[in-house]
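Just target08.pdb here, PDB, C-alpha atoms:
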```
MODEL        1
ATOM      1  CA  MET P   1     104.718  31.728 -31.644  1.00  0.00           C
ATOM      2  CA  ASN P   2     102.920  34.938 -30.738  1.00  0.00           C
ATOM      3  CA  ASP P   3     104.418  36.864 -27.871  1.00  0.00           C
ATOM      4  CA  PHE P   4     101.568  38.393 -25.941  1.00  0.00           C
ATOM      5  CA  ARG P   5     102.420  41.675 -24.242  1.00  0.00           C
ATOM      6  CA  PHE P   6      99.259  41.357 -22.143  1.00  0.00           C
ATOM      7  CA  GLY P   7      96.956  38.595 -21.061  1.00  0.00           C
ATOM      8  CA  PRO P   8      93.242  38.857 -20.438  1.00  0.00           C
ATOM      9  CA  ALA P   9      92.183  41.801 -18.296  1.00  0.00           C
ATOM     10  CA  GLU P  10      89.669  41.643 -15.477  1.00  0.00           C
ATOM     11  CA  PHE P  11      87.648  44.626 -14.344  1.00  0.00           C
ATOM     12  CA  TYR P  12      86.737  44.844 -10.667  1.00  0.00           C
ATOM     13  CA  LEU P  13      84.310  47.447  -9.376  1.00  0.00           C
ATOM     14  CA  VAL P  14      84.648  47.552  -5.602  1.00  0.00           C
ATOM     15  CA  GLY P  15      82.104  49.678  -3.744  1.00  0.00           C
ATOM     16  CA  PHE P  16      82.541  51.586  -0.493  1.00  0.00           C
ATOM     17  CA  GLU P  17      80.469  53.833   1.716  1.00  0.00           C
ATOM     18  CA  GLY P  18      81.718  57.404   1.830  1.00  0.00           C
ATOM     19  CA  ALA P  19      83.638  59.650  -0.517  1.00  0.00           C
ATOM     20  CA  ARG P  20      86.898  57.695  -0.733  1.00  0.00           C
ATOM     21  CA  PRO P  21      87.996  54.135  -0.002  1.00  0.00           C
ATOM     22  CA  ASP P  22      90.250  53.621   2.992  1.00  0.00           C
ATOM     23  CA  PRO P  23      93.895  53.185   1.891  1.00  0.00           C
ATOM     24  CA  ALA P  24      94.086  49.991   3.988  1.00  0.00           C
ATOM     25  CA  THR P  25      91.664  48.431   1.526  1.00  0.00           C
ATOM     26  CA  PHE P  26      94.357  48.265  -1.106  1.00  0.00           C
ATOM     27  CA  ARG P  27      97.126  46.622   0.922  1.00  0.00           C
ATOM     28  CA  ALA P  28      96.241  43.237  -0.565  1.00  0.00           C
ATOM     29  CA  LEU P  29      96.414  44.761  -4.034  1.00  0.00           C
ATOM     30  CA  THR P  30      99.840  46.270  -3.393  1.00  0.00           C
ATOM     31  CA  ASP P  31     101.065  42.897  -2.114  1.00  0.00           C
ATOM     32  CA  LEU P  32      99.833  41.122  -5.266  1.00  0.00           C
ATOM     33  CA  VAL P  33     101.393  43.712  -7.567  1.00  0.00           C
ATOM     34  CA  ASP P  34     104.672  43.620  -5.624  1.00  0.00           C
ATOM     35  CA  THR P  35     104.903  39.833  -5.937  1.00  0.00           C
ATOM     36  CA  GLY P  36     104.022  39.851  -9.638  1.00  0.00           C
ATOM     37  CA  VAL P  37     100.840  37.798  -9.280  1.00  0.00           C
ATOM     38  CA  VAL P  38      98.945  40.588 -11.051  1.00  0.00           C
ATOM     39  CA  ARG P  39      99.813  43.639 -13.088  1.00  0.00           C
ATOM     40  CA  LEU P  40      97.822  46.824 -12.536  1.00  0.00           C
ATOM     41  CA  LEU P  41      96.539  48.002 -15.892  1.00  0.00           C
ATOM     42  CA  ASP P  42      94.173  50.782 -14.832  1.00  0.00           C
ATOM     43  CA  PHE P  43      92.729  52.255 -11.642  1.00  0.00           C
ATOM     44  CA  VAL P  44      89.966  54.828 -11.286  1.00  0.00           C
ATOM     45  CA  VAL P  45      88.130  56.073  -8.198  1.00  0.00           C
ATOM     46  CA  LEU P  46      84.483  57.009  -8.616  1.00  0.00           C
ATOM     47  CA  ALA P  47      82.445  58.888  -6.025  1.00  0.00           C
ATOM     48  CA  LYS P  48      78.876  60.136  -5.977  1.00  0.00           C
ATOM     49  CA  SER P  49      78.001  62.929  -3.566  1.00  0.00           C
ATOM     50  CA  GLU P  50      74.746  63.004  -1.626  1.00  0.00           C
ATOM     51  CA  THR P  51      73.454  65.447  -4.249  1.00  0.00           C
ATOM     52  CA  GLY P  52      74.298  63.022  -7.079  1.00  0.00           C
ATOM     53  CA  GLU P  53      77.371  64.817  -8.400  1.00  0.00           C
ATOM     54  CA  VAL P  54      79.951  62.327  -9.719  1.00  0.00           C
ATOM     55  CA  GLU P  55      83.686  62.719  -9.221  1.00  0.00           C
ATOM     56  CA  ILE P  56      86.082  60.578 -11.259  1.00  0.00           C
ATOM     57  CA  VAL P  57      89.736  60.458 -10.202  1.00  0.00           C
ATOM     58  CA  GLU P  58      92.394  58.647 -12.236  1.00  0.00           C
ATOM     59  CA  LEU P  59      95.206  57.138 -10.194  1.00  0.00           C
ATOM     60  CA  ASP P  60      97.782  59.421 -11.780  1.00  0.00           C
ATOM     61  CA  ALA P  61      95.736  62.440 -10.636  1.00  0.00           C
ATOM     62  CA  ASP P  62      95.270  61.121  -7.078  1.00  0.00           C
ATOM     63  CA  ASP P  63      96.579  63.368  -4.320  1.00  0.00           C
ATOM     64  CA  GLY P  64      98.173  60.418  -2.510  1.00  0.00           C
ATOM     65  CA  ALA P  65      95.158  59.885  -0.250  1.00  0.00           C
ATOM     66  CA  LEU P  66      94.731  56.283  -1.404  1.00  0.00           C
ATOM     67  CA  GLY P  67      98.266  55.264  -0.463  1.00  0.00           C
ATOM     68  CA  LEU P  68      99.019  54.024  -3.973  1.00  0.00           C
ATOM     69  CA  ASP P  69     101.799  56.478  -4.781  1.00  0.00           C
ATOM     70  CA  ASP P  70     104.127  53.757  -6.074  1.00  0.00           C
ATOM     71  CA  PHE P  71     101.614  52.447  -8.597  1.00  0.00           C
ATOM     72  CA  GLU P  72     101.718  53.384 -12.224  1.00  0.00           C
ATOM     73  CA  PRO P  73      98.993  51.719 -14.256  1.00  0.00           C
ATOM     74  CA  LEU P  74     100.459  50.069 -17.344  1.00  0.00           C
ATOM     75  CA  ALA P  75      97.451  50.958 -19.501  1.00  0.00           C
ATOM     76  CA  ALA P  76      95.794  54.003 -17.933  1.00  0.00           C
ATOM     77  CA  GLY P  77      92.660  54.739 -19.899  1.00  0.00           C
ATOM     78  CA  LEU P  78      91.960  51.083 -20.669  1.00  0.00           C
ATOM     79  CA  ALA P  79      88.722  51.525 -18.757  1.00  0.00           C
ATOM     80  CA  GLY P  80      87.077  53.778 -21.313  1.00  0.00           C
ATOM     81  CA  GLU P  81      85.316  56.991 -20.404  1.00  0.00           C
ATOM     82  CA  GLU P  82      81.960  55.560 -21.452  1.00  0.00           C
ATOM     83  CA  ASP P  83      82.460  52.500 -19.210  1.00  0.00           C
ATOM     84  CA  VAL P  84      83.535  54.631 -16.266  1.00  0.00           C
ATOM     85  CA  GLU P  85      80.549  56.962 -16.626  1.00  0.00           C
ATOM     86  CA  ALA P  86      78.117  54.027 -16.852  1.00  0.00           C
ATOM     87  CA  LEU P  87      79.574  52.482 -13.709  1.00  0.00           C
ATOM     88  CA  ALA P  88      79.501  55.819 -11.894  1.00  0.00           C
ATOM     89  CA  ALA P  89      75.808  56.195 -12.741  1.00  0.00           C
ATOM     90  CA  ALA P  90      75.129  52.927 -10.919  1.00  0.00           C
ATOM     91  CA  LEU P  91      76.562  54.243  -7.637  1.00  0.00           C
ATOM     92  CA  ALA P  92      74.175  55.244  -4.902  1.00  0.00           C
ATOM     93  CA  PRO P  93      74.499  58.793  -3.496  1.00  0.00           C
ATOM     94  CA  GLY P  94      77.203  58.927  -0.818  1.00  0.00           C
ATOM     95  CA  GLN P  95      78.971  55.867  -2.218  1.00  0.00           C
ATOM     96  CA  SER P  96      82.379  55.517  -3.839  1.00  0.00           C
ATOM     97  CA  ALA P  97      84.005  52.750  -5.811  1.00  0.00           C
ATOM     98  CA  ALA P  98      87.360  51.764  -7.198  1.00  0.00           C
ATOM     99  CA  LEU P  99      87.492  50.432 -10.723  1.00  0.00           C
ATOM    100  CA  VAL P 100      90.563  48.229 -10.828  1.00  0.00           C
ATOM    101  CA  VAL P 101      91.708  46.613 -14.066  1.00  0.00           C
ATOM    102  CA  LEU P 102      94.109  43.737 -13.486  1.00  0.00           C
ATOM    103  CA  GLU P 103      95.999  41.289 -15.600  1.00  0.00           C
ATOM    104  CA  LEU P 104      96.505  37.938 -13.908  1.00  0.00           C
ATOM    105  CA  THR P 105     100.035  37.181 -15.039  1.00  0.00           C
ATOM    106  CA  PHE P 106      99.523  33.425 -15.331  1.00  0.00           C
ATOM    107  CA  ALA P 107      96.666  34.082 -17.777  1.00  0.00           C
ATOM    108  CA  ARG P 108      99.034  35.752 -20.266  1.00  0.00           C
ATOM    109  CA  THR P 109     101.255  32.651 -20.283  1.00  0.00           C
ATOM    110  CA  LEU P 110      98.218  30.378 -20.604  1.00  0.00           C
ATOM    111  CA  ALA P 111      96.734  32.418 -23.473  1.00  0.00           C
ATOM    112  CA  GLN P 112     100.087  32.488 -25.276  1.00  0.00           C
ATOM    113  CA  SER P 113     100.555  28.721 -24.875  1.00  0.00           C
ATOM    114  CA  LEU P 114      97.019  27.970 -26.056  1.00  0.00           C
ATOM    115  CA  ALA P 115      97.466  30.186 -29.117  1.00  0.00           C
ATOM    116  CA  ALA P 116     100.796  28.522 -29.951  1.00  0.00           C
ATOM    117  CA  ALA P 117      99.050  25.136 -29.865  1.00  0.00           C
ATOM    118  CA  GLY P 118      96.323  26.398 -32.201  1.00  0.00           C
ATOM    119  CA  GLY P 119      93.713  26.782 -29.488  1.00  0.00           C
ATOM    120  CA  GLN P 120      91.711  29.720 -28.338  1.00  0.00           C
ATOM    121  CA  VAL P 121      89.604  30.442 -25.305  1.00  0.00           C
ATOM    122  CA  LEU P 122      86.027  30.563 -26.531  1.00  0.00           C
ATOM    123  CA  ARG P 123      84.500  31.669 -23.255  1.00  0.00           C
ATOM    124  CA  SER P 124      85.585  32.392 -19.740  1.00  0.00           C
ATOM    125  CA  GLU P 125      83.453  33.073 -16.691  1.00  0.00           C
ATOM    126  CA  ARG P 126      84.364  33.999 -13.183  1.00  0.00           C
ATOM    127  CA  VAL P 127      82.400  32.622 -10.273  1.00  0.00           C
ATOM    128  CA  PRO P 128      82.621  35.041  -7.316  1.00  0.00           C
ATOM    129  CA  ALA P 129      84.539  33.726  -4.294  1.00  0.00           C
ATOM    130  CA  PRO P 130      81.518  33.895  -1.931  1.00  0.00           C
ATOM    131  CA  VAL P 131      79.535  31.671  -4.320  1.00  0.00           C
ATOM    132  CA  VAL P 132      82.357  29.125  -4.653  1.00  0.00           C
ATOM    133  CA  ASN P 133      82.821  29.022  -0.883  1.00  0.00           C
ATOM    134  CA  ALA P 134      79.091  28.623  -0.235  1.00  0.00           C
ATOM    135  CA  MET P 135      78.912  25.782  -2.746  1.00  0.00           C
ATOM    136  CA  MET P 136      81.947  24.078  -1.210  1.00  0.00           C
ATOM    137  CA  ASP P 137      80.345  24.364   2.247  1.00  0.00           C
ATOM    138  CA  ILE P 138      77.195  22.694   0.890  1.00  0.00           C
ATOM    139  CA  LEU P 139      79.218  19.926  -0.739  1.00  0.00           C
ATOM    140  CA  ASP P 140      81.216  19.403   2.466  1.00  0.00           C
ATOM    141  CA  GLN P 141      77.994  19.137   4.489  1.00  0.00           C
ATOM    142  CA  GLU P 142      76.509  16.662   2.025  1.00  0.00           C
ATOM    143  CA  GLY P 143      79.653  14.534   2.232  1.00  0.00           C
ATOM    144  CA  GLU P 144      79.546  14.251   6.009  1.00  0.00           C
TER     145      GLU P 144
ENDMDL
END
```
Translate this file's structure into C-alpha coordinates.
Amino acid sequence: MNDFRFGPAEFYLVGFEGARPDPATFRALTDLVDTGVVRLLDFVVLAKSETGEVEIVELDADDGALGLDDFEPLAAGLAGEEDVEALAAALAPGQSAALVVLELTFARTLAQSLAAAGGQVLRSERVPAPVVNAMMDILDQEGE
(Lines of atoms letter the chains of each structure in order from A and count residues from 1; the text may use other names and numbers.)
(Lines give C-alpha, C1' and ligand atoms only; values in the text may rest on other atoms or scores of the structure.)
Protein backbone atom coordinates (compact mmCIF):
# COMPACT_ATOMS: atom_id res chain seq x y z
CA MET A 1 0.00 0.00 0.00
CA ASN A 2 1.26 3.47 -0.87
CA ASP A 3 1.62 5.82 2.04
CA PHE A 4 0.67 9.26 0.83
CA ARG A 5 2.47 12.09 2.59
CA PHE A 6 -0.06 14.54 1.15
CA GLY A 7 -3.55 14.38 -0.23
CA PRO A 8 -5.02 16.56 -2.94
CA ALA A 9 -4.39 20.28 -2.51
CA GLU A 10 -6.98 22.99 -3.00
CA PHE A 11 -6.10 26.54 -3.93
CA TYR A 12 -8.32 29.31 -2.61
CA LEU A 13 -7.96 32.89 -3.80
CA VAL A 14 -9.88 35.10 -1.40
CA GLY A 15 -10.23 38.75 -2.38
CA PHE A 16 -10.48 41.79 -0.13
CA GLU A 17 -10.77 45.53 -0.52
CA GLY A 18 -7.72 47.42 0.69
CA ALA A 19 -4.04 46.64 1.03
CA ARG A 20 -4.23 43.78 3.53
CA PRO A 21 -6.92 41.38 4.74
CA ASP A 22 -8.19 41.87 8.27
CA PRO A 23 -6.60 39.31 10.64
CA ALA A 24 -10.10 38.38 11.88
CA THR A 25 -10.75 36.92 8.44
CA PHE A 26 -8.44 34.03 9.18
CA ARG A 27 -9.83 32.95 12.55
CA ALA A 28 -11.84 30.20 10.87
CA LEU A 29 -8.69 29.03 9.11
CA THR A 30 -6.71 28.91 12.35
CA ASP A 31 -9.52 26.91 13.97
CA LEU A 32 -9.51 24.37 11.12
CA VAL A 33 -5.73 24.00 11.20
CA ASP A 34 -5.73 23.68 15.00
CA THR A 35 -8.31 20.88 14.89
CA GLY A 36 -6.53 19.03 12.08
CA VAL A 37 -9.39 19.29 9.59
CA VAL A 38 -6.98 20.90 7.12
CA ARG A 39 -3.24 21.30 6.78
CA LEU A 40 -1.87 24.62 5.56
CA LEU A 41 0.44 23.93 2.64
CA ASP A 42 1.09 27.46 1.38
CA PHE A 43 -0.11 31.00 2.03
CA VAL A 44 0.63 34.14 0.03
CA VAL A 45 -0.82 37.64 0.29
CA LEU A 46 -1.17 39.61 -2.92
CA ALA A 47 -1.94 43.32 -3.09
CA LYS A 48 -2.30 45.75 -5.97
CA SER A 49 -1.87 49.44 -5.24
CA GLU A 50 -4.05 52.10 -6.83
CA THR A 51 -1.21 52.70 -9.30
CA GLY A 52 -1.14 49.00 -10.27
CA GLU A 53 2.03 48.04 -8.42
CA VAL A 54 1.82 44.46 -7.11
CA GLU A 55 3.16 43.38 -3.74
CA ILE A 56 3.55 39.67 -2.97
CA VAL A 57 4.16 38.63 0.63
CA GLU A 58 4.88 35.02 1.63
CA LEU A 59 3.60 34.03 5.05
CA ASP A 60 7.11 33.45 6.36
CA ALA A 61 8.00 37.04 5.41
CA ASP A 62 4.85 38.53 6.98
CA ASP A 63 5.45 41.11 9.69
CA GLY A 64 2.79 39.56 11.93
CA ALA A 65 0.06 41.90 10.70
CA LEU A 66 -2.14 39.00 9.58
CA GLY A 67 -2.18 37.34 12.99
CA LEU A 68 -0.87 34.06 11.60
CA ASP A 69 2.40 33.97 13.52
CA ASP A 70 1.91 30.36 14.63
CA PHE A 71 1.46 29.07 11.09
CA GLU A 72 4.24 27.45 9.16
CA PRO A 73 3.17 26.31 5.71
CA LEU A 74 4.19 22.70 5.13
CA ALA A 75 5.00 23.30 1.46
CA ALA A 76 5.81 27.00 1.07
CA GLY A 77 6.36 27.67 -2.60
CA LEU A 78 3.81 25.09 -3.73
CA ALA A 79 1.92 27.96 -5.31
CA GLY A 80 4.46 28.63 -8.03
CA GLU A 81 5.73 32.09 -8.87
CA GLU A 82 4.06 31.98 -12.28
CA ASP A 83 0.69 31.09 -10.70
CA VAL A 84 1.01 33.81 -8.09
CA GLU A 85 1.90 36.45 -10.68
CA ALA A 86 -1.03 35.44 -12.91
CA LEU A 87 -3.43 35.68 -9.99
CA ALA A 88 -1.98 39.02 -8.92
CA ALA A 89 -2.53 40.38 -12.43
CA ALA A 90 -6.24 39.62 -12.08
CA LEU A 91 -6.59 41.85 -9.00
CA ALA A 92 -8.22 45.22 -9.40
CA PRO A 93 -6.24 48.28 -8.23
CA GLY A 94 -6.69 48.81 -4.48
CA GLN A 95 -7.57 45.15 -3.91
CA SER A 96 -5.71 42.44 -2.02
CA ALA A 97 -6.10 38.70 -1.88
CA ALA A 98 -4.88 35.73 0.08
CA LEU A 99 -3.85 32.65 -1.84
CA VAL A 100 -4.35 29.78 0.57
CA VAL A 101 -3.33 26.24 -0.36
CA LEU A 102 -4.96 23.63 1.85
CA GLU A 103 -4.94 19.90 2.15
CA LEU A 104 -8.22 18.48 3.41
CA THR A 105 -6.90 15.74 5.66
CA PHE A 106 -9.73 13.30 4.95
CA ALA A 107 -8.87 13.51 1.24
CA ARG A 108 -5.39 12.06 1.84
CA THR A 109 -6.91 9.02 3.57
CA LEU A 110 -9.51 8.66 0.81
CA ALA A 111 -6.90 8.92 -1.97
CA GLN A 112 -4.64 6.40 -0.21
CA SER A 113 -7.52 3.94 0.28
CA LEU A 114 -8.67 4.28 -3.33
CA ALA A 115 -5.14 3.70 -4.62
CA ALA A 116 -4.74 0.63 -2.39
CA ALA A 117 -7.93 -0.80 -3.89
CA GLY A 118 -6.64 -0.18 -7.42
CA GLY A 119 -8.80 2.87 -8.03
CA GLN A 120 -7.96 6.39 -8.94
CA VAL A 121 -9.87 9.63 -8.95
CA LEU A 122 -10.35 10.54 -12.59
CA ARG A 123 -11.90 13.93 -11.97
CA SER A 124 -12.95 16.07 -9.07
CA GLU A 125 -14.91 19.30 -9.10
CA ARG A 126 -15.86 21.64 -6.34
CA VAL A 127 -19.22 23.36 -6.37
CA PRO A 128 -19.00 26.66 -4.44
CA ALA A 129 -21.00 26.78 -1.20
CA PRO A 130 -23.27 29.65 -2.36
CA VAL A 131 -24.29 27.60 -5.41
CA VAL A 132 -25.01 24.47 -3.35
CA ASN A 133 -27.04 26.48 -0.85
CA ALA A 134 -29.02 28.25 -3.57
CA MET A 135 -29.80 24.92 -5.23
CA MET A 136 -30.86 23.39 -1.91
CA ASP A 137 -33.16 26.38 -1.28
CA ILE A 138 -34.76 25.83 -4.70
CA LEU A 139 -35.20 22.12 -4.04
CA ASP A 140 -36.68 22.84 -0.60
CA GLN A 141 -39.16 25.31 -2.13
CA GLU A 142 -40.15 22.83 -4.82
CA GLY A 143 -40.75 20.16 -2.18
CA GLU A 144 -43.12 22.31 -0.15
Check the smallest atom-to-atom distance from each of P:Ala79, P:Ala116, P:Val33, P:Val131 to Leu99 (chain P) using only C-alpha atoms, then report the winner.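 With only C-alpha atoms as the atom set, the closest residue is P:Ala79.
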Of the residues P:Leu40, P:Lys48, P:Leu122, P:Glu53, which is the one nearest to Tyr12 (chain P), using all atoms listed in the file? P:Leu40
So which residues get picked by the PyMOL selection byres ((chain P and resi 77) around 10) here, written as a ChimeraX atom specification? /P:41-44,58,73-76,78-81,84
With a distance cut-off of 12 Å and all atoms listed in the file, select the neighbouring residues of Asp3 (chain P), excluding the residue or stretch itself and same-chain residues fewer than 3 positions from it, and output the selection as a list in words.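 The contact residues come out as Phe6, Gly7, Arg108, Thr109, Leu110, Ala111, Gln112, Ser113, Leu114, Ala115 and Ala116 of chain P.
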Pairwise distance, CA of Leu102 (chain P) with CA of Ala47 (chain P), equals 20.5 Å
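Compared by their closest atoms to Gly94 (chain P), and using only C-alpha atoms, the residues P:Phe26, P:Phe106, P:Phe16, P:Phe71 rank with P:Phe16 nearest.
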Counting only C-alpha atoms, the residue of P:Ala134, P:Ala88, P:Leu139, P:Ala107 that sits nearest Val14 (chain P):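 The shortest atom-to-atom distance to Val14 (chain P) comes from P:Ala88.
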Neighbouring residues of Arg20 (chain P) were defined as those with any atom within 10 Å, considering all atoms listed in the file; residues of the same chain fewer than 6 positions away were excluded. Please report them as a CSV table (one decimal) with C-alpha atoms, in the frame of the given file.
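Written output follows (part33.csv):
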```
chain,number,residue,atom,x,y,z
P,45,VAL,CA,88.1,56.1,-8.2
P,46,LEU,CA,84.5,57.0,-8.6
P,47,ALA,CA,82.4,58.9,-6.0
P,48,LYS,CA,78.9,60.1,-6.0
P,65,ALA,CA,95.2,59.9,-0.2
P,66,LEU,CA,94.7,56.3,-1.4
P,94,GLY,CA,77.2,58.9,-0.8
P,95,GLN,CA,79.0,55.9,-2.2
P,96,SER,CA,82.4,55.5,-3.8
P,97,ALA,CA,84.0,52.8,-5.8
P,98,ALA,CA,87.4,51.8,-7.2
```
Can you tell me how far CA of Glu103 (chain P) sits from CA of Glu10 (chain P), in Å to one decimal? 6.3 Å
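Closest approach to Ala90 (chain P) among P:Gly52, P:Gly36, P:Leu29, P:Val132 is made by P:Gly52 (distances from only C-alpha atoms).
Relative to CA of Ser49 (chain P), CA of Pro93 (chain P) is found at 5.4 Å.
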